[in-house]
Amino acid sequence: NNEIAIWLIKIEAKGSWTIPTASFEVNRSIYFYKGSEMNIAGVNVKPYHSIQLLADQSVFIENGNEDAFLLLLQGKPINEPVVQHGPFVMNDASGIQQAFSDYRKTQFGGWPWTRHDNVHSRQMGRFAKYLDGREEIR
């Protein structure tokens, strides 16, 4: 068990919450991405900041005057070799070379558009098209 967690957390204005403990080996980060301010483990934190936490210690969070939104990411290291070059991450250099070769051949399965920089109009806004035919526009 690698104790992987991906939590989207909402704490109401003036609310509080305690993050439970995990194993000592777990790496844990919390990202404060929306709200006004909060206190995490005695540290005043502004939005758009992150904190590395000790997973084997519970952490008390006190929120400020607005609803706050956080992302908590954690997991035990898998202790595997990692090689990264550009957007590619593999376990060794030969894997990176193969990824570049695959990309040169097919752009990972082919690019169905005639342009490499295909984008939608800014007027389109945010949208999603689902496999069942539904379309969501925001």
# chains A, B, ... in the order shown; residues from 1 in each chain; ligands from 1
>>> residues_around(residues="Ala22 of chain A", least_positions_apart="5", cutoff="12 Å", atoms="only C-alpha atoms", output="ChimeraX atom specification")
/A:1-5,27-28,53-59,74-76
>>> write_last_selection(atoms="N, CA and C atoms", output="PDB file, in the first residue's frame")
ATOM      1  N   ASN A   1       0.843  -1.179   0.000  1.00  0.00           N
ATOM      2  CA  ASN A   1       0.000   0.000   0.000  1.00  0.00           C
ATOM      3  C   ASN A   1       0.883   1.235   0.000  1.00  0.00           C
ATOM      4  N   ASN A   2       0.780   2.037  -1.047  1.00  0.00           N
ATOM      5  CA  ASN A   2       1.589   3.247  -1.169  1.00  0.00           C
ATOM      6  C   ASN A   2       0.928   4.473  -0.574  1.00  0.00           C
ATOM      7  N   GLU A   3      -0.241   4.299   0.032  1.00  0.00           N
ATOM      8  CA  GLU A   3      -0.954   5.389   0.699  1.00  0.00           C
ATOM      9  C   GLU A   3      -1.129   6.608  -0.207  1.00  0.00           C
ATOM     10  N   ILE A   4      -1.424   6.342  -1.465  1.00  0.00           N
ATOM     11  CA  ILE A   4      -1.651   7.432  -2.413  1.00  0.00           C
ATOM     12  C   ILE A   4      -2.964   8.109  -2.078  1.00  0.00           C
ATOM     13  N   ALA A   5      -2.930   9.437  -2.057  1.00  0.00           N
ATOM     14  CA  ALA A   5      -4.149  10.215  -1.827  1.00  0.00           C
ATOM     15  C   ALA A   5      -4.118  11.447  -2.710  1.00  0.00           C
ATOM     16  N   ASN A  27       5.316  11.050   1.346  1.00  0.00           N
ATOM     17  CA  ASN A  27       5.530  12.451   0.971  1.00  0.00           C
ATOM     18  C   ASN A  27       4.162  13.097   0.866  1.00  0.00           C
ATOM     19  N   ARG A  28       4.003  14.274   1.460  1.00  0.00           N
ATOM     20  CA  ARG A  28       2.686  14.922   1.475  1.00  0.00           C
ATOM     21  C   ARG A  28       2.853  16.418   1.223  1.00  0.00           C
ATOM     22  N   LEU A  53       4.267  18.779   4.084  1.00  0.00           N
ATOM     23  CA  LEU A  53       3.851  18.385   5.425  1.00  0.00           C
ATOM     24  C   LEU A  53       4.514  17.076   5.835  1.00  0.00           C
ATOM     25  N   LEU A  54       4.717  16.907   7.122  1.00  0.00           N
ATOM     26  CA  LEU A  54       5.157  15.621   7.664  1.00  0.00           C
ATOM     27  C   LEU A  54       3.921  14.751   7.815  1.00  0.00           C
ATOM     28  N   ALA A  55       3.889  13.669   7.084  1.00  0.00           N
ATOM     29  CA  ALA A  55       2.673  12.855   7.016  1.00  0.00           C
ATOM     30  C   ALA A  55       2.371  12.125   8.318  1.00  0.00           C
ATOM     31  N   ASP A  56       3.376  11.879   9.130  1.00  0.00           N
ATOM     32  CA  ASP A  56       3.123  11.137  10.367  1.00  0.00           C
ATOM     33  C   ASP A  56       2.650  12.035  11.514  1.00  0.00           C
ATOM     34  N   GLN A  57       2.365  13.299  11.197  1.00  0.00           N
ATOM     35  CA  GLN A  57       1.830  14.229  12.189  1.00  0.00           C
ATOM     36  C   GLN A  57       0.495  14.773  11.695  1.00  0.00           C
ATOM     37  N   SER A  58      -0.507  14.787  12.561  1.00  0.00           N
ATOM     38  CA  SER A  58      -1.777  15.401  12.170  1.00  0.00           C
ATOM     39  C   SER A  58      -1.554  16.905  12.051  1.00  0.00           C
ATOM     40  N   VAL A  59      -2.285  17.529  11.138  1.00  0.00           N
ATOM     41  CA  VAL A  59      -2.099  18.954  10.864  1.00  0.00           C
ATOM     42  C   VAL A  59      -3.434  19.658  11.014  1.00  0.00           C
ATOM     43  N   GLN A  74      -0.390  12.983  -1.827  1.00  0.00           N
ATOM     44  CA  GLN A  74       0.531  12.215  -0.994  1.00  0.00           C
ATOM     45  C   GLN A  74       0.757  10.835  -1.587  1.00  0.00           C
ATOM     46  N   GLY A  75       1.871  10.242  -1.208  1.00  0.00           N
ATOM     47  CA  GLY A  75       2.173   8.869  -1.581  1.00  0.00           C
ATOM     48  C   GLY A  75       3.567   8.490  -1.133  1.00  0.00           C
ATOM     49  N   LYS A  76       3.782   7.195  -0.976  1.00  0.00           N
ATOM     50  CA  LYS A  76       5.112   6.697  -0.652  1.00  0.00           C
ATOM     51  C   LYS A  76       5.944   6.677  -1.928  1.00  0.00           C
TER      52      LYS A  76
END
>>> select_by_dssp(residues="segment 81-123 of chain A", states="strand (DSSP E or B)", output="JSON list (two decimals) with C-alpha atoms, in the first residue's frame")
[["chain", "number", "residue", "atom", "x", "y", "z"],
["A", 83, "VAL", "CA", 14.84, 9.69, -16.22],
["A", 84, "GLN", "CA", 13.19, 12.85, -17.58],
["A", 85, "HIS", "CA", 13.84, 14.74, -20.80],
["A", 88, "PHE", "CA", 8.98, 12.43, -21.36],
["A", 89, "VAL", "CA", 9.51, 10.53, -18.11],
["A", 90, "MET", "CA", 10.76, 6.94, -18.19]]
>>> closest_residue(among="A:Arg126, A:Phe60, A:Ala93, A:Val43", to="Thr21 of chain A", atoms="only C-alpha atoms")
A:Phe60
>>> decode(residues="segment 4-119 of chain A", atoms="C-alpha atoms", output="JSON list (two decimals), in the first residue's frame")
[["chain", "number", "residue", "atom", "x", "y", "z"],
["A", 4, "ILE", "CA", -1.65, 7.43, -2.41],
["A", 5, "ALA", "CA", -4.15, 10.21, -1.83],
["A", 6, "ILE", "CA", -5.47, 12.96, -4.08],
["A", 7, "TRP", "CA", -7.92, 15.03, -2.07],
["A", 8, "LEU", "CA", -9.84, 18.11, -3.12],
["A", 9, "ILE", "CA", -10.69, 19.83, 0.14],
["A", 10, "LYS", "CA", -13.18, 22.61, 0.81],
["A", 11, "ILE", "CA", -13.18, 24.33, 4.20],
["A", 12, "GLU", "CA", -15.96, 26.81, 4.85],
["A", 13, "ALA", "CA", -15.21, 30.37, 5.99],
["A", 14, "LYS", "CA", -14.02, 30.42, 9.61],
["A", 15, "GLY", "CA", -14.01, 26.60, 9.56],
["A", 16, "SER", "CA", -11.27, 24.22, 10.63],
["A", 17, "TRP", "CA", -10.16, 20.67, 9.91],
["A", 18, "THR", "CA", -7.42, 18.30, 10.98],
["A", 19, "ILE", "CA", -5.56, 16.27, 8.37],
["A", 20, "PRO", "CA", -5.13, 12.73, 9.71],
["A", 21, "THR", "CA", -1.76, 11.06, 9.96],
["A", 22, "ALA", "CA", -0.21, 8.66, 7.48],
["A", 23, "SER", "CA", 3.01, 6.63, 7.54],
["A", 24, "PHE", "CA", 6.35, 8.32, 8.13],
["A", 25, "GLU", "CA", 7.57, 7.35, 4.62],
["A", 26, "VAL", "CA", 4.76, 9.22, 2.85],
["A", 27, "ASN", "CA", 5.53, 12.45, 0.97],
["A", 28, "ARG", "CA", 2.69, 14.92, 1.48],
["A", 29, "SER", "CA", 2.03, 18.37, -0.03],
["A", 30, "ILE", "CA", -0.95, 20.66, 0.28],
["A", 31, "TYR", "CA", -1.71, 23.40, -2.27],
["A", 32, "PHE", "CA", -3.94, 26.34, -1.28],
["A", 33, "TYR", "CA", -5.48, 27.41, -4.58],
["A", 34, "LYS", "CA", -8.56, 29.46, -3.69],
["A", 35, "GLY", "CA", -9.61, 31.54, -0.69],
["A", 36, "SER", "CA", -8.30, 34.51, 1.29],
["A", 37, "GLU", "CA", -5.91, 33.18, 3.91],
["A", 38, "MET", "CA", -5.55, 30.33, 6.34],
["A", 39, "ASN", "CA", -3.36, 28.95, 9.07],
["A", 40, "ILE", "CA", -1.84, 25.53, 8.41],
["A", 41, "ALA", "CA", 0.07, 23.98, 11.31],
["A", 42, "GLY", "CA", 0.72, 27.42, 12.80],
["A", 43, "VAL", "CA", 1.87, 28.97, 9.51],
["A", 44, "ASN", "CA", -0.15, 31.77, 7.88],
["A", 45, "VAL", "CA", -0.61, 30.84, 4.23],
["A", 46, "LYS", "CA", -1.88, 32.96, 1.34],
["A", 47, "PRO", "CA", -3.59, 31.54, -1.75],
["A", 48, "TYR", "CA", -1.47, 30.04, -4.55],
["A", 49, "HIS", "CA", 1.10, 28.63, -2.14],
["A", 50, "SER", "CA", 1.99, 25.11, -1.11],
["A", 51, "ILE", "CA", 3.42, 23.50, 1.99],
["A", 52, "GLN", "CA", 5.28, 20.22, 2.42],
["A", 53, "LEU", "CA", 3.85, 18.38, 5.43],
["A", 54, "LEU", "CA", 5.16, 15.62, 7.66],
["A", 55, "ALA", "CA", 2.67, 12.86, 7.02],
["A", 56, "ASP", "CA", 3.12, 11.14, 10.37],
["A", 57, "GLN", "CA", 1.83, 14.23, 12.19],
["A", 58, "SER", "CA", -1.78, 15.40, 12.17],
["A", 59, "VAL", "CA", -2.10, 18.95, 10.86],
["A", 60, "PHE", "CA", -4.66, 21.45, 12.11],
["A", 61, "ILE", "CA", -6.01, 23.92, 9.54],
["A", 62, "GLU", "CA", -7.90, 27.10, 10.46],
["A", 63, "ASN", "CA", -9.58, 28.92, 7.60],
["A", 64, "GLY", "CA", -9.98, 32.67, 7.14],
["A", 65, "ASN", "CA", -12.99, 34.74, 6.07],
["A", 66, "GLU", "CA", -13.75, 33.01, 2.74],
["A", 67, "ASP", "CA", -14.35, 29.42, 1.71],
["A", 68, "ALA", "CA", -10.98, 27.81, 1.01],
["A", 69, "PHE", "CA", -10.06, 25.16, -1.53],
["A", 70, "LEU", "CA", -7.01, 22.93, -1.20],
["A", 71, "LEU", "CA", -5.41, 20.06, -3.06],
["A", 72, "LEU", "CA", -3.62, 17.45, -0.97],
["A", 73, "LEU", "CA", -1.26, 15.04, -2.74],
["A", 74, "GLN", "CA", 0.53, 12.21, -0.99],
["A", 75, "GLY", "CA", 2.17, 8.87, -1.58],
["A", 76, "LYS", "CA", 5.11, 6.70, -0.65],
["A", 77, "PRO", "CA", 8.09, 6.89, -3.01],
["A", 78, "ILE", "CA", 8.18, 3.87, -5.32],
["A", 79, "ASN", "CA", 12.00, 3.79, -5.32],
["A", 80, "GLU", "CA", 12.26, 3.25, -9.06],
["A", 81, "PRO", "CA", 14.79, 4.98, -11.31],
["A", 82, "VAL", "CA", 13.44, 8.04, -13.09],
["A", 83, "VAL", "CA", 14.84, 9.69, -16.22],
["A", 84, "GLN", "CA", 13.19, 12.85, -17.58],
["A", 85, "HIS", "CA", 13.84, 14.74, -20.80],
["A", 86, "GLY", "CA", 11.38, 17.38, -22.04],
["A", 87, "PRO", "CA", 7.85, 16.06, -21.56],
["A", 88, "PHE", "CA", 8.98, 12.43, -21.36],
["A", 89, "VAL", "CA", 9.51, 10.53, -18.11],
["A", 90, "MET", "CA", 10.76, 6.94, -18.19],
["A", 91, "ASN", "CA", 12.82, 4.53, -16.09],
["A", 92, "ASP", "CA", 15.99, 4.71, -18.18],
["A", 93, "ALA", "CA", 17.65, 6.52, -21.07],
["A", 94, "SER", "CA", 16.65, 3.85, -23.61],
["A", 95, "GLY", "CA", 12.99, 4.42, -22.65],
["A", 96, "ILE", "CA", 13.44, 8.15, -23.32],
["A", 97, "GLN", "CA", 14.99, 7.40, -26.72],
["A", 98, "GLN", "CA", 12.08, 5.09, -27.56],
["A", 99, "ALA", "CA", 9.56, 7.75, -26.51],
["A", 100, "PHE", "CA", 11.21, 10.30, -28.82],
["A", 101, "SER", "CA", 11.22, 7.75, -31.65],
["A", 102, "ASP", "CA", 7.53, 6.94, -31.11],
["A", 103, "TYR", "CA", 6.66, 10.62, -31.03],
["A", 104, "ARG", "CA", 8.55, 11.34, -34.27],
["A", 105, "LYS", "CA", 6.71, 8.49, -36.01],
["A", 106, "THR", "CA", 3.12, 9.07, -34.90],
["A", 107, "GLN", "CA", 2.89, 11.95, -32.41],
["A", 108, "PHE", "CA", 1.48, 9.25, -30.07],
["A", 109, "GLY", "CA", -1.14, 7.86, -32.38],
["A", 110, "GLY", "CA", -1.33, 10.61, -34.95],
["A", 111, "TRP", "CA", -2.59, 14.16, -34.98],
["A", 112, "PRO", "CA", -5.87, 14.34, -36.90],
["A", 113, "TRP", "CA", -5.60, 18.04, -37.76],
["A", 114, "THR", "CA", -3.73, 19.70, -40.60],
["A", 115, "ARG", "CA", -2.01, 22.21, -38.31],
["A", 116, "HIS", "CA", 0.35, 21.43, -35.43],
["A", 117, "ASP", "CA", -0.90, 24.45, -33.45],
["A", 118, "ASN", "CA", -4.61, 23.73, -33.77],
["A", 119, "VAL", "CA", -6.64, 25.73, -31.24]]
